Amino acid sequence: MASTIVNAPCTVPSVKGFETQNYVGLRPISSLRFNPGRTSTSRSRPLFVVRACERFDGSVKKAEMSIEECEAAVVAGNAPEAPPVPPKPAAPAGTPVIQSYQLTRRPRRNRKSPALRASFQETSISPANFVYPLFIHEGQEDTPIGAMPGCYRLGWRHGLVEEVAKARDVGVNSIVLFPKVPDALKSPTGDEAYNDNGLVPRTIRLLKDKFPDLVIYTDVALDPYSSDGHDGIVREDGVIMNDETVHQLCKQAVSQARAGADVVSPSDMMDGRVGAIRAALDSEGFHHVSIMSYTAKYASSFYGPFREALDSNPRFGDKKTYQMNPANYREALVEAHEDEAEGADILLVKPGLPYLDIIRLLRNQSPLPIAAYQVSGEYSMIKAGGVLKMIDEERVMMESLMCLRRAGADIILTYFALQAARCLCGEKK
């Protein structure tokens, strides 16, 4: 086949990496020839040379009839042949022969293929929906947490930074920090909570220096810093003091905001703390710092592994005088209305899966973003079931997260954040 020269003026810059294999009829050549052309102006323009391939073995075939001829043939009843209709698949032997039911609607029609199921999927999930809870401590080594397989107390200087980098690589750019505080720094009033050079403020400053756009949530509560292990100051008769605790929480939130926190998250369940924290932040100029309130935090038995991770079990009693009764539903609305009125930016439900009805309740009643916390007990049960081969860990993990989204959660705090994001990105474990 003879070469063809196209004598067209070239008015575009040279094209690098022109992929001829993507275009029918072109083949690579060792060089491109640009011939200077003569024009009426004094400056000459190059001519681009296109060399057609000498042989083409592709599937493109030259039409034997024009469009008009094809249309005339069809009109005359000479339509071209098409593949035959596939035969109806046979039912297994013994299947009863019945008259088909006259159903007006058959919902299975919209589920019959992967493509259709994907087309009509109502809920989606992405790494952007995850907030990754990370445990930190003063040590340099990463220490495994026995009750939470795959989770560690991370050294704040190195292990934490590496874990955050891994999460960001797969699209998880939000974390929440939980500190393991040395016992020697704990006290009945939890003063270490608002030490500007404490573990959490130091960690925030380090992360913001390395990852300026990282979204950092913090936990606002006294239990990691309390020698009593409670979320508030304990009176000698065992009563958790509300207003005095809120005073300490305000100082803790301001300290975290000063270090660079994006969202402070009061998890203490004291009355009035959202409004007091909002006022304290605003008075210090931190109008831009958001509050994610633990609005419906239940006195749940699913928190055990978390308390092992932080060594924060109550020294006596339980947390039922400030955390909510798992039997209560309407009470969540009371808490939500108060938190909204006091200036919360996000409402959180904790735990997650056992409280899907509460997530949906708040979603239906509030215009604010809703967060769900898939807590340590939920995580550990799925991990244990996977190890024992009782369930498919990866499938159950992804299903559980999708259920939280379906119930109405905009964001999910989950220890599966990195693993789930890798699944969503198509990576192997």
# chains A, B, ... in the order shown; residues from 1 in each chain; ligands from 1

call {"tool": "residues_around", "arguments": {"residues": "Tyr303 of chain A", "least_positions_apart": "4", "cutoff": "7 Å", "atoms": "only C-alpha atoms", "output": "number ranges by chain"}}
result
A: 307, 375-377

call {"tool": "write_last_selection", "arguments": {"atoms": "N, CA, C and O atoms", "output": "PDB file, in the first residue's frame"}}
result
ATOM      1  N   ARG A 307     -11.646   0.360  76.568  1.00  0.00           N
ATOM      2  CA  ARG A 307     -11.153   0.715  77.906  1.00  0.00           C
ATOM      3  C   ARG A 307      -9.855  -0.009  78.230  1.00  0.00           C
ATOM      4  O   ARG A 307      -9.016   0.507  78.959  1.00  0.00           O
ATOM      5  N   VAL A 375     -18.012   0.857  67.492  1.00  0.00           N
ATOM      6  CA  VAL A 375     -17.117   0.831  68.644  1.00  0.00           C
ATOM      7  C   VAL A 375     -16.270  -0.437  68.697  1.00  0.00           C
ATOM      8  O   VAL A 375     -16.421  -1.361  67.894  1.00  0.00           O
ATOM      9  N   SER A 376     -15.394  -0.457  69.703  1.00  0.00           N
ATOM     10  CA  SER A 376     -14.386  -1.519  69.815  1.00  0.00           C
ATOM     11  C   SER A 376     -14.997  -2.911  69.908  1.00  0.00           C
ATOM     12  O   SER A 376     -14.485  -3.871  69.322  1.00  0.00           O
ATOM     13  N   GLY A 377     -16.119  -3.035  70.637  1.00  0.00           N
ATOM     14  CA  GLY A 377     -16.742  -4.352  70.751  1.00  0.00           C
ATOM     15  C   GLY A 377     -17.268  -4.861  69.420  1.00  0.00           C
ATOM     16  O   GLY A 377     -17.173  -6.052  69.111  1.00  0.00           O
TER      17      GLY A 377
END

call {"tool": "residues_around", "arguments": {"residues": "segment 228-241 of chain A", "least_positions_apart": "6", "cutoff": "9 Å", "atoms": "only C-alpha atoms", "output": "MDAnalysis selection string"}}
result
chainID A and resid 186:190 221:222 248:249 267:270 311:319 321:322

call {"tool": "write_last_selection", "arguments": {"atoms": "C-alpha atoms", "output": "PDB file, in the first residue's frame"}}
result
ATOM      1  CA  LYS A 186      -3.729  11.250  86.306  1.00  0.00           C
ATOM      2  CA  SER A 187      -5.597  13.085  89.056  1.00  0.00           C
ATOM      3  CA  PRO A 188      -9.126  13.324  90.505  1.00  0.00           C
ATOM      4  CA  THR A 189      -9.747  16.560  88.571  1.00  0.00           C
ATOM      5  CA  GLY A 190      -7.980  15.494  85.347  1.00  0.00           C
ATOM      6  CA  ALA A 221     -13.612  13.947  78.342  1.00  0.00           C
ATOM      7  CA  LEU A 222     -11.743  13.431  81.588  1.00  0.00           C
ATOM      8  CA  GLN A 248     -12.638  21.438  83.028  1.00  0.00           C
ATOM      9  CA  LEU A 249     -13.916  20.278  79.638  1.00  0.00           C
ATOM     10  CA  SER A 267     -17.954  12.403  74.786  1.00  0.00           C
ATOM     11  CA  ASP A 268     -18.609  12.926  78.498  1.00  0.00           C
ATOM     12  CA  MET A 269     -22.429  13.266  78.376  1.00  0.00           C
ATOM     13  CA  MET A 270     -22.517  16.052  80.963  1.00  0.00           C
ATOM     14  CA  ASP A 311      -6.471   1.625  80.593  1.00  0.00           C
ATOM     15  CA  SER A 312      -9.442   3.781  81.559  1.00  0.00           C
ATOM     16  CA  ASN A 313     -11.875   1.460  83.327  1.00  0.00           C
ATOM     17  CA  PRO A 314     -13.728   3.192  86.165  1.00  0.00           C
ATOM     18  CA  ARG A 315     -12.063   2.528  89.508  1.00  0.00           C
ATOM     19  CA  PHE A 316     -15.525   1.938  90.975  1.00  0.00           C
ATOM     20  CA  GLY A 317     -19.143   1.869  89.878  1.00  0.00           C
ATOM     21  CA  ASP A 318     -20.283   2.421  86.300  1.00  0.00           C
ATOM     22  CA  LYS A 319     -21.214   5.273  83.966  1.00  0.00           C
ATOM     23  CA  THR A 321     -25.699   8.189  85.761  1.00  0.00           C
ATOM     24  CA  TYR A 322     -24.422  10.135  82.746  1.00  0.00           C
TER      25      TYR A 322
END

call {"tool": "atom_distance", "arguments": {"atom1": "atom CA of Ala407 of chain A", "atom2": "atom CA of Arg330 of chain A"}}
result
17.0 Å

call {"tool": "atom_distance", "arguments": {"atom1": "atom CA of Gly260 of chain A", "atom2": "atom CA of Gly285 of chain A"}}
result
12.5 Å

call {"tool": "select_by_dssp", "arguments": {"residues": "segment 203-309 of chain A", "states": "alpha helix (DSSP H)", "output": "ChimeraX atom specification"}}
result
/A:203-210,242-259,273-283,304-309

call {"tool": "write_last_selection", "arguments": {"atoms": "N, CA and C atoms", "output": "compact mmCIF listing (two decimals), in the first residue's frame"}}
result
# COMPACT_ATOMS: atom_id res chain seq x y z
N THR A 203 0.76 16.01 69.82
CA THR A 203 0.49 15.16 68.65
C THR A 203 -0.23 15.96 67.56
N ILE A 204 -1.18 16.78 67.95
CA ILE A 204 -1.89 17.60 66.97
C ILE A 204 -0.90 18.50 66.22
N ARG A 205 -0.02 19.15 66.96
CA ARG A 205 0.94 20.06 66.33
C ARG A 205 1.86 19.31 65.37
N LEU A 206 2.28 18.11 65.77
CA LEU A 206 3.15 17.31 64.90
C LEU A 206 2.42 16.93 63.61
N LEU A 207 1.19 16.45 63.74
CA LEU A 207 0.45 16.02 62.55
C LEU A 207 0.12 17.19 61.63
N LYS A 208 -0.24 18.32 62.20
CA LYS A 208 -0.55 19.48 61.37
C LYS A 208 0.70 20.00 60.65
N ASP A 209 1.86 19.81 61.26
CA ASP A 209 3.11 20.21 60.60
C ASP A 209 3.40 19.32 59.40
N LYS A 210 3.11 18.02 59.54
CA LYS A 210 3.41 17.07 58.46
C LYS A 210 2.28 16.97 57.44
N ASN A 242 -21.44 17.60 87.67
CA ASN A 242 -21.71 18.04 86.30
C ASN A 242 -21.03 19.36 85.94
N ASP A 243 -21.42 20.45 86.59
CA ASP A 243 -20.96 21.78 86.17
C ASP A 243 -19.46 21.95 86.37
N GLU A 244 -18.93 21.40 87.45
CA GLU A 244 -17.49 21.47 87.69
C GLU A 244 -16.71 20.71 86.61
N THR A 245 -17.29 19.60 86.17
CA THR A 245 -16.66 18.85 85.08
C THR A 245 -16.69 19.64 83.78
N VAL A 246 -17.83 20.28 83.50
CA VAL A 246 -17.94 21.08 82.28
C VAL A 246 -16.89 22.19 82.27
N HIS A 247 -16.62 22.79 83.40
CA HIS A 247 -15.58 23.83 83.49
C HIS A 247 -14.23 23.28 83.03
N GLN A 248 -13.90 22.07 83.44
CA GLN A 248 -12.64 21.44 83.03
C GLN A 248 -12.66 21.10 81.52
N LEU A 249 -13.80 20.65 81.05
CA LEU A 249 -13.92 20.28 79.64
C LEU A 249 -13.72 21.49 78.72
N CYS A 250 -14.21 22.65 79.16
CA CYS A 250 -14.02 23.86 78.36
C CYS A 250 -12.54 24.17 78.20
N LYS A 251 -11.78 24.04 79.28
CA LYS A 251 -10.34 24.31 79.20
C LYS A 251 -9.65 23.27 78.31
N GLN A 252 -10.12 22.01 78.37
CA GLN A 252 -9.54 20.96 77.53
C GLN A 252 -9.81 21.25 76.05
N ALA A 253 -11.03 21.64 75.71
CA ALA A 253 -11.38 21.92 74.32
C ALA A 253 -10.58 23.09 73.77
N VAL A 254 -10.41 24.15 74.58
CA VAL A 254 -9.64 25.31 74.13
C VAL A 254 -8.18 24.93 73.91
N SER A 255 -7.63 24.12 74.79
CA SER A 255 -6.24 23.66 74.61
C SER A 255 -6.07 22.88 73.32
N GLN A 256 -7.02 22.02 73.02
CA GLN A 256 -6.95 21.24 71.78
C GLN A 256 -7.10 22.13 70.55
N ALA A 257 -8.01 23.10 70.62
CA ALA A 257 -8.19 24.03 69.51
C ALA A 257 -6.93 24.87 69.30
N ARG A 258 -6.30 25.28 70.39
CA ARG A 258 -5.08 26.07 70.30
C ARG A 258 -3.97 25.29 69.59
N ALA A 259 -3.96 23.97 69.78
CA ALA A 259 -2.94 23.13 69.15
C ALA A 259 -3.21 22.91 67.67
N ARG A 273 -22.77 20.85 78.31
CA ARG A 273 -21.36 21.04 77.96
C ARG A 273 -21.17 21.58 76.56
N VAL A 274 -22.07 21.29 75.62
CA VAL A 274 -21.90 21.79 74.25
C VAL A 274 -21.96 23.31 74.21
N GLY A 275 -22.96 23.89 74.86
CA GLY A 275 -23.07 25.34 74.89
C GLY A 275 -21.90 26.00 75.59
N ALA A 276 -21.46 25.41 76.69
CA ALA A 276 -20.33 25.99 77.43
C ALA A 276 -19.04 25.92 76.61
N ILE A 277 -18.82 24.81 75.92
CA ILE A 277 -17.62 24.66 75.09
C ILE A 277 -17.67 25.62 73.91
N ARG A 278 -18.87 25.78 73.29
CA ARG A 278 -19.00 26.72 72.18
C ARG A 278 -18.65 28.14 72.62
N ALA A 279 -19.14 28.52 73.78
CA ALA A 279 -18.85 29.86 74.29
C ALA A 279 -17.37 30.02 74.59
N ALA A 280 -16.76 28.99 75.16
CA ALA A 280 -15.34 29.07 75.49
C ALA A 280 -14.48 29.16 74.23
N LEU A 281 -14.81 28.37 73.22
CA LEU A 281 -14.06 28.43 71.97
C LEU A 281 -14.20 29.80 71.31
N ASP A 282 -15.43 30.32 71.27
CA ASP A 282 -15.66 31.60 70.61
C ASP A 282 -14.96 32.74 71.35
N SER A 283 -14.94 32.67 72.67
CA SER A 283 -14.30 33.74 73.44
C SER A 283 -12.79 33.76 73.22
N GLY A 304 -15.80 -2.48 76.10
CA GLY A 304 -14.74 -3.14 76.86
C GLY A 304 -13.35 -3.06 76.24
N PRO A 305 -13.16 -3.47 74.98
CA PRO A 305 -11.82 -3.42 74.39
C PRO A 305 -11.22 -2.02 74.36
N PHE A 306 -12.05 -1.00 74.16
CA PHE A 306 -11.56 0.39 74.16
C PHE A 306 -10.96 0.75 75.52
N ARG A 307 -11.65 0.36 76.57
CA ARG A 307 -11.15 0.71 77.91
C ARG A 307 -9.85 -0.01 78.23
N GLU A 308 -9.69 -1.20 77.64
CA GLU A 308 -8.39 -1.88 77.79
C GLU A 308 -7.30 -1.09 77.05
N ALA A 309 -7.65 -0.59 75.88
CA ALA A 309 -6.68 0.14 75.07
C ALA A 309 -6.16 1.38 75.78

call {"tool": "residues_around", "arguments": {"residues": "Ala327 of chain A", "least_positions_apart": "6", "cutoff": "12 Å", "atoms": "only C-alpha atoms", "output": "list in words"}}
result
Tyr298, Ala299, Ser300, Pro354, Tyr355, Asp357 and Ile358 of chain A

call {"tool": "atom_distance", "arguments": {"atom1": "atom CA of Tyr373 of chain A", "atom2": "atom CA of Glu427 of chain A"}}
result
24.5 Å

call {"tool": "closest_residue", "arguments": {"among": "A:Met65, A:Val161, A:Leu185, A:Met148", "to": "Met381 of chain A", "atoms": "only C-alpha atoms"}}
result
A:Met148
